[in-house]
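**Q** A single structure is presented below for examination.
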Amino acid sequence: MTHDVLLAGAGLANGLIALALRAARPDLRVLLLDHAAGPSDGHTWSCHDPDLLPDWLARLKPLRRANWPDQEVRFPRHARRLATGYGSLDGVALADAVVRSGAEIRWNSDIALLDAHGATLSCGTRIEAGAVLDGRGAQPSRHLTVGFQKFVGVEIETDRPHGVPRPMIMDATVTQQDGYRFIYLLPFSPTRILIEDTRYSDGGDLDDDALAAASHDYARQRGWTGAEVRRERGILPIALAHDAAGFWTDHAAGPVPVGLRAGFFHPVTGYSLPYAAQVADVVAGLSGPPGTDALRGAIRDYAIDRARRDRFLRLLNRMLFRGCAPDRRYTLLQRFYRMPHGLIERFYAGRLSVADQLRIVTGKPPIPLGTAIRCLPERPLLKENA
């Protein structure tokens, strides 16, 4: 069985690649393989509207589970409402859109071997393809030093309207523990809300039951009663140091990594949807018959340029994780959310100007100047990995 493009994994990164390829090249035979039995309702991918280019925003808005015109944040000494659109996409809607685009998804497909020319399934079936991309999720890399964003979210159907009109991106008024802690709220309907306990932590261990209980405790404190209808969890990398050139030297052969597997996520927030859309445009923008090596070169060039542009964001992470006591990390975010609205939008979109960067680090810093200076070098962290 031969296809033009084989995508290992049917998650966000490969889903967007499939949509972009089928829109640009409807003649291409695109196949996604995933070991799961079907699309999961355990994933919610969100982003701010300005994070996406207009074409992607128009393409994804109809697929989103919810769209909101604004959002808010809350800290012990600062609260703010931001007039920036926000939306959430789930795995079921994405998979449905991929199939409707004409791409094929094969569930229950356990890949035993993946190479530059195709995949061999555990049942022995061999599938050949002109181009092979690997989007099966994050894995450790000696070229990437990370902290962790850990979360468990519970979605509840409340007995009465919960009264939350818009997303609460961060409610950091809760007790700080295990690093920087906040509650994330997504009100999908007047009686349906996702309550997510999130920690920016040094370690990647996750106590699902404890964080789920903390989310339910938050609901009780707000007077929300009702039944849990869905749960999601995640451990996302937060980049402190990244050697993209070294990473791609190690991946000069074989299938081409994409998504979290290739380090494509916003270094500070962990949001991966905007970066996945950018990579999808790179893949769909190539002319001629798709080939693994041609895609590798284009994606590698994008990755190295993206890592260069994200250097300042990784510096902010080093200040957060290495320059601030865990229970005081919230003060950096509290200060950041006093910045101009446009700067905050450009931060989330990964498009900070030099003037924006200077604005963020000047003034009275929440950590000592000497500590901030020690956070500047990125290379020592990569040497620690080695």
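Identifiers in the structure tokens: chain A, B, ... in order shown; residue index from 1 per chain; ligand index from 1 in order shown.
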Quick one: residues within 12 Å of segment 187-191 of chain A, only C-alpha atoms counted, chain neighbours fewer than 4 positions away excluded, as a ChimeraX atom specification?
**A** /A:44,64-68,71,86-89,154-169,195-196,224-229
**Q** Counting only C-alpha atoms, what is within 8 Å of segment 357-374 of chain A, bar same-chain residues fewer than 2 positions away, as a list in words?
**A** Phe312, Met319, Gly323, Cys324, Thr331, Leu332, Arg335, Phe336, Met339, Leu352, Ser353, Val354, Ala355, Leu376 and Pro377 of chain A
**Q** Of the candidates A:Thr292, A:Ala93, A:Pro140, A:Val73, which shows the shortest atom-to-atom distance to Thr173 of chain A, using only C-alpha atoms?
**A**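 Closest to Thr173 of chain A of all the choices is A:Val73.
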**Q** Go through A:Ala112, A:Leu343, A:Ala262, A:Leu31 and flag the residue nearest Leu82 of chain A, using only C-alpha atoms for the distances.
**A**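 Result for the nearest residue to Leu82 of chain A: A:Leu343.
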**Q** Using DSSP assignments from the backbone, pull out every residue in segment 90-333 of chain A that falls under alpha helix (DSSP H) and give it to me as a PyMOL selection string.
**A** chain A and resi 91-100+208-221+244-250+273-284+292-309+311-322+330-333
**Q** Would you mind writing down, as an mmCIF file with C-alpha atoms, in the first residue's frame, each residue of segment 70-133 of chain A that DSSP on the backbone assigns to strand (DSSP E)?
**A**
data_model
loop_
_atom_site.group_PDB
_atom_site.id
_atom_site.type_symbol
_atom_site.label_atom_id
_atom_site.label_comp_id
_atom_site.auth_asym_id
_atom_site.auth_seq_id
_atom_site.Cartn_x
_atom_site.Cartn_y
_atom_site.Cartn_z
ATOM 1 C CA GLN A 71 -10.354 36.568 28.573
ATOM 2 C CA GLU A 72 -9.024 37.480 31.995
ATOM 3 C CA VAL A 73 -6.246 36.815 34.504
ATOM 4 C CA ARG A 74 -6.145 37.161 38.281
ATOM 5 C CA PHE A 75 -3.192 37.473 40.666
ATOM 6 C CA HIS A 78 -3.464 42.412 39.981
ATOM 7 C CA ALA A 79 -6.453 41.385 37.877
ATOM 8 C CA ARG A 80 -7.144 42.217 34.267
ATOM 9 C CA ARG A 81 -9.630 41.616 31.462
ATOM 10 C CA LEU A 82 -8.071 41.368 28.001
ATOM 11 C CA TYR A 86 -9.663 32.944 22.448
ATOM 12 C CA GLY A 87 -10.825 29.519 21.305
ATOM 13 C CA SER A 88 -10.535 25.793 21.958
ATOM 14 C CA LEU A 89 -10.364 22.839 19.590
ATOM 15 C CA ASP A 90 -10.810 19.203 20.618
ATOM 16 C CA GLU A 104 -7.483 8.803 5.713
ATOM 17 C CA ILE A 105 -7.060 7.941 9.390
ATOM 18 C CA ARG A 106 -6.445 4.350 10.425
ATOM 19 C CA ILE A 111 3.593 0.961 14.446
ATOM 20 C CA ALA A 112 6.439 -1.486 15.018
ATOM 21 C CA LEU A 113 8.938 0.268 12.726
ATOM 22 C CA LEU A 114 8.901 3.728 11.175
ATOM 23 C CA ASP A 115 11.499 4.797 8.626
ATOM 24 C CA GLY A 118 7.068 4.003 5.361
ATOM 25 C CA ALA A 119 5.800 2.082 8.359
ATOM 26 C CA THR A 120 5.653 -1.549 9.371
ATOM 27 C CA LEU A 121 2.743 -2.319 11.674
ATOM 28 C CA ARG A 126 4.000 -2.683 5.396
ATOM 29 C CA ILE A 127 2.834 0.738 4.193
ATOM 30 C CA GLU A 128 5.102 2.659 1.815
ATOM 31 C CA ALA A 129 5.005 6.432 1.345
ATOM 32 C CA GLY A 130 6.866 9.139 -0.509
ATOM 33 C CA ALA A 131 7.186 11.242 2.649
ATOM 34 C CA VAL A 132 7.035 10.143 6.282
ATOM 35 C CA LEU A 133 6.476 12.467 9.259
#
**Q** Atom CA of Arg314 of chain A to atom CA of His266 of chain A: how many Å, to one decimal?
**A** 9.4 Å
**Q** Please list as a list in words every residue within 10 Å of Arg59 of chain A, counting only C-alpha atoms and excluding residues in the same chain fewer than 4 positions away.
**A**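 That gives Leu19, Ala20, Pro54, Asp55, Leu63 and Arg64 of chain A.
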**Q** Quick one: pull the distance between atom CA of Arg300 of chain A and atom CA of Ser46 of chain A, Å, one decimal.
**A** 25.3 Å
**Q** Hey, what's within 9 Å of Leu144 of chain A if we count only C-alpha atoms and toss same-chain stuff fewer than 4 positions away? As a PyMOL selection string, please?
**A** chain A and resi 140+239-244+247+263+381-382+385
**Q** Between A:Pro274, A:Asp51, A:Leu57, A:Val279, which residue has the minimum interatomic distance to Val256 of chain A, considering only C-alpha atoms?
**A**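 Of all the options, A:Val279 lies closest to Val256 of chain A.
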**Q** Quick check, in Å to one decimal: how far apart do atom CA of Val283 of chain A and atom CA of Arg29 of chain A lie?
**A** 14.3 Å
**Q** Restricting the calculation to only C-alpha atoms: of A:Cys123, A:Leu211, A:Val99, A:Ile299, which residue gets closest to Val258 of chain A?
**A**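 Between A:Cys123, A:Leu211, A:Val99, A:Ile299, the residue approaching Val258 of chain A most closely is A:Ile299.
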**Q** Find the residues around Met170 of chain A up to 6 Å (only C-alpha atoms counted), leave out those fewer than 4 positions away in its own chain, and share them as a list in words.
**A** Val73, Phe182, Ile183 and Tyr184 of chain A
**Q** Compare A:Arg338, A:Lys383, A:Arg77, A:Lys150 by their minimum atom-to-atom distance to Arg233 of chain A, counting only C-alpha atoms, and give me the closest one.
**A**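 Among A:Arg338, A:Lys383, A:Arg77, A:Lys150, it is A:Lys150 that comes nearest to Arg233 of chain A.
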**Q** Hey, what's within 7 Å of Ser201 of chain A if we count only C-alpha atoms and toss same-chain stuff fewer than 3 positions away? As a ChimeraX atom specification, please?
**A** /A:147-149,178-180
**Q** Ranking A:Ala245, A:Ala97, A:Ala8, A:Ala349 by minimum distance to Leu273 of chain A and counting only C-alpha atoms, which one comes first?
**A** A:Ala349
